[in-house]
Amino acid sequence: MISKLLRAIIMGPPGSGKGTISTRIVKDFGQKHLSSGDMLRSQIANKTAAGLAAKSYIDQGQLVPDDIMVELILSELKGLRSESWLLDGFPRTLPQAKALHAEEPVEMVLNLDIPFPVIIDRIKGRWTHLASGRIYHTEFNPPKKAGLDDITGEPLVQRDDDREEVVRKRLEIYQSRTQPVLDFYRKLGVLQEFQGKYSNEIWPRVHKFIATKTTPLQYTEYK
Ligand code: AMP
């Protein structure tokens, strides 16, 4: 039986291509994309109480406390009772997952299980032109002249959070905080894992799986 409403979560470590896959899902299936990071940034921009409370944690690279996150996300979801949505970035801890489950149980949790060495290789080869935000990759998308931006000729830099030791640390934190969340959904029988190295390789499998639960608007192929 194919249901119309689909409440789903996408999970995956930083650098797993979660943003790319999320964008593709909502394009082909039409759910509302709810990114907790984007919601927090908009709360901060609007200087709401939640935004003010969350800002110092975000600035220090820490997780925002569960009570603030749960209140923020659940109040948003209450307004979406008759809509399909894809949650991205929430839940990140077990208490968040339990609070969500008590109010709005989800039908599917997609986990992008990308090997950490692949993520580290991908991120550590990334070089940025700071002024424009253009991103290059020494292997996948090299600049015409090594170390220089194609358009301005200015030097490229490696962002602090793209350095190997920083990436490793972020992955370790992700693993310790979210493993219990994955176990929680695995026990509930709603977790679907996708292994692979590249978004284009994983995408057709993700599409096929979601299409067993809800009718797609379309299928977009990426090569
Ligand atoms: P993101 O854009 O998903 O990387 O989120 C940016 C920042 O927002 C994170 O580094 C956290 O400080 C905070 N954040 C986003 N989602 C959550 C969450 N579910 N729980 C706690 N903090 C969060």
# chains A, B, ... in the order shown; residues from 1 in each chain; ligands from 1
$ select_by_dssp --residues "segment 40-211 of chain A" --states "strand (DSSP E or B)" --output "list in words"
Trp85, Leu86, Leu87, Asp88, Met108, Val109, Leu110, Asn111, Leu112, Asp113, Arg126, Trp127, Thr128, His129, Arg134, Ile135, Tyr136, His137, Asn141, Leu148, Pro155, Val157, Leu191, Gln192, Glu193, Phe194 and Gln195 of chain A
$ residues_near_ligand --ligand "ligand 1" --cutoff "7 Å" --atoms "only C-alpha atoms and all ligand atoms" --output "mmCIF file with C-alpha atoms, in the first residue's frame"
data_model
loop_
_atom_site.group_PDB
_atom_site.id
_atom_site.type_symbol
_atom_site.label_atom_id
_atom_site.label_comp_id
_atom_site.auth_asym_id
_atom_site.auth_seq_id
_atom_site.Cartn_x
_atom_site.Cartn_y
_atom_site.Cartn_z
ATOM 1 C CA SER A 35 16.850 21.581 8.093
ATOM 2 C CA SER A 36 17.442 22.181 11.806
ATOM 3 C CA GLY A 37 20.599 24.193 11.030
ATOM 4 C CA ASP A 38 18.675 26.490 8.645
ATOM 5 C CA LEU A 40 18.317 27.861 13.870
ATOM 6 C CA TYR A 57 26.314 27.003 21.449
ATOM 7 C CA ILE A 58 26.434 27.165 17.666
ATOM 8 C CA GLY A 61 30.561 24.351 17.647
ATOM 9 C CA GLN A 62 28.495 22.636 20.349
ATOM 10 C CA LEU A 63 25.095 21.026 20.114
ATOM 11 C CA VAL A 64 22.209 23.238 21.164
ATOM 12 C CA PRO A 65 20.519 21.825 24.325
ATOM 13 C CA ASP A 66 17.823 19.225 23.682
ATOM 14 C CA MET A 69 15.763 21.928 19.884
ATOM 15 C CA GLY A 89 19.831 17.588 11.149
ATOM 16 C CA PHE A 90 17.280 16.554 13.789
ATOM 17 C CA PRO A 91 17.259 14.380 15.868
ATOM 18 C CA ARG A 92 20.943 14.393 16.704
ATOM 19 C CA THR A 93 20.680 12.839 20.190
#
$ closest_residue --among "A:Ala53, A:Met39, A:Leu86, A:Leu112" --to "Arg7 of chain A" --atoms "only C-alpha atoms"
A:Leu86
$ closest_residue --among "A:Val118, A:Leu188, A:Leu182, A:Leu217" --to "Pro14 of chain A" --atoms "only C-alpha atoms"
A:Val118
$ residues_around --residues "Gly79 of chain A" --least-positions-apart "6" --cutoff "12 Å" --atoms "only C-alpha atoms" --output "list in words"
Lys32, Leu72, Ile73, Trp85 and Glu104 of chain A
$ closest_residue --among "A:Glu221, A:Glu76, A:Asp161, A:Glu71" --to "Ile120 of chain A" --atoms "only C-alpha atoms"
A:Asp161
$ atom_distance --atom1 "atom CA of Phe194 of chain A" --atom2 "atom CA of Leu110 of chain A"
7.4 Å
$ atom_distance --atom1 "atom CA of His129 of chain A" --atom2 "atom CA of Leu156 of chain A"
4.9 Å
$ residues_around --residues "Arg24 of chain A" --least-positions-apart "3" --cutoff "9 Å" --atoms "only C-alpha atoms" --output "ChimeraX atom specification"
/A:19-21,27-29,203,207,220
$ closest_atom_pairs --of "segment 68-139 of chain A" --to "segment 143-148 of chain A" --cutoff "12 Å" --atoms "only C-alpha atoms" --output "CSV"
residue,atom,partner,partner_atom,distance
A:Gly125,CA,A:Gly147,CA,11.4
A:Arg126,CA,A:Gly147,CA,10.8
A:Trp127,CA,A:Gly147,CA,7.9
A:Thr128,CA,A:Gly147,CA,9.4
A:His129,CA,A:Leu148,CA,8.1
A:Leu130,CA,A:Leu148,CA,11.4
A:Arg134,CA,A:Pro143,CA,10.2
A:Ile135,CA,A:Pro143,CA,9.2
A:Tyr136,CA,A:Pro143,CA,6.3
A:His137,CA,A:Pro143,CA,7.7
A:Thr138,CA,A:Pro143,CA,7.6
A:Glu139,CA,A:Pro143,CA,9.8
$ write_last_selection --atoms "N, CA and C atoms" --output "mmCIF file, in the first residue's frame"
data_model
loop_
_atom_site.group_PDB
_atom_site.id
_atom_site.type_symbol
_atom_site.label_atom_id
_atom_site.label_comp_id
_atom_site.auth_asym_id
_atom_site.auth_seq_id
_atom_site.Cartn_x
_atom_site.Cartn_y
_atom_site.Cartn_z
ATOM 1 N N GLY A 125 40.737 17.356 0.475
ATOM 2 C CA GLY A 125 41.206 17.860 -0.824
ATOM 3 C C GLY A 125 40.508 19.147 -1.254
ATOM 4 N N ARG A 126 39.665 19.687 -0.360
ATOM 5 C CA ARG A 126 38.838 20.836 -0.732
ATOM 6 C C ARG A 126 39.587 22.152 -0.489
ATOM 7 N N TRP A 127 39.602 23.022 -1.500
ATOM 8 C CA TRP A 127 40.228 24.334 -1.386
ATOM 9 C C TRP A 127 39.196 25.376 -1.795
ATOM 10 N N THR A 128 39.203 26.498 -1.077
ATOM 11 C CA THR A 128 38.133 27.482 -1.243
ATOM 12 C C THR A 128 38.713 28.826 -1.667
ATOM 13 N N HIS A 129 37.975 29.497 -2.568
ATOM 14 C CA HIS A 129 38.284 30.908 -2.840
ATOM 15 C C HIS A 129 37.381 31.700 -1.920
ATOM 16 N N LEU A 130 37.985 32.306 -0.883
ATOM 17 C CA LEU A 130 37.176 32.851 0.201
ATOM 18 C C LEU A 130 36.236 33.957 -0.272
ATOM 19 N N ARG A 134 33.826 30.015 -4.094
ATOM 20 C CA ARG A 134 34.041 28.913 -5.052
ATOM 21 C C ARG A 134 34.879 27.815 -4.397
ATOM 22 N N ILE A 135 34.430 26.565 -4.614
ATOM 23 C CA ILE A 135 35.124 25.436 -3.990
ATOM 24 C C ILE A 135 35.737 24.549 -5.072
ATOM 25 N N TYR A 136 36.985 24.185 -4.864
ATOM 26 C CA TYR A 136 37.686 23.276 -5.786
ATOM 27 C C TYR A 136 38.051 22.011 -5.025
ATOM 28 N N HIS A 137 38.441 20.997 -5.781
ATOM 29 C CA HIS A 137 38.926 19.778 -5.137
ATOM 30 C C HIS A 137 40.134 19.290 -5.917
ATOM 31 N N THR A 138 41.222 19.018 -5.208
ATOM 32 C CA THR A 138 42.471 18.662 -5.899
ATOM 33 C C THR A 138 42.269 17.479 -6.844
ATOM 34 N N GLU A 139 41.344 16.569 -6.513
ATOM 35 C CA GLU A 139 41.157 15.386 -7.353
ATOM 36 C C GLU A 139 39.944 15.514 -8.279
#
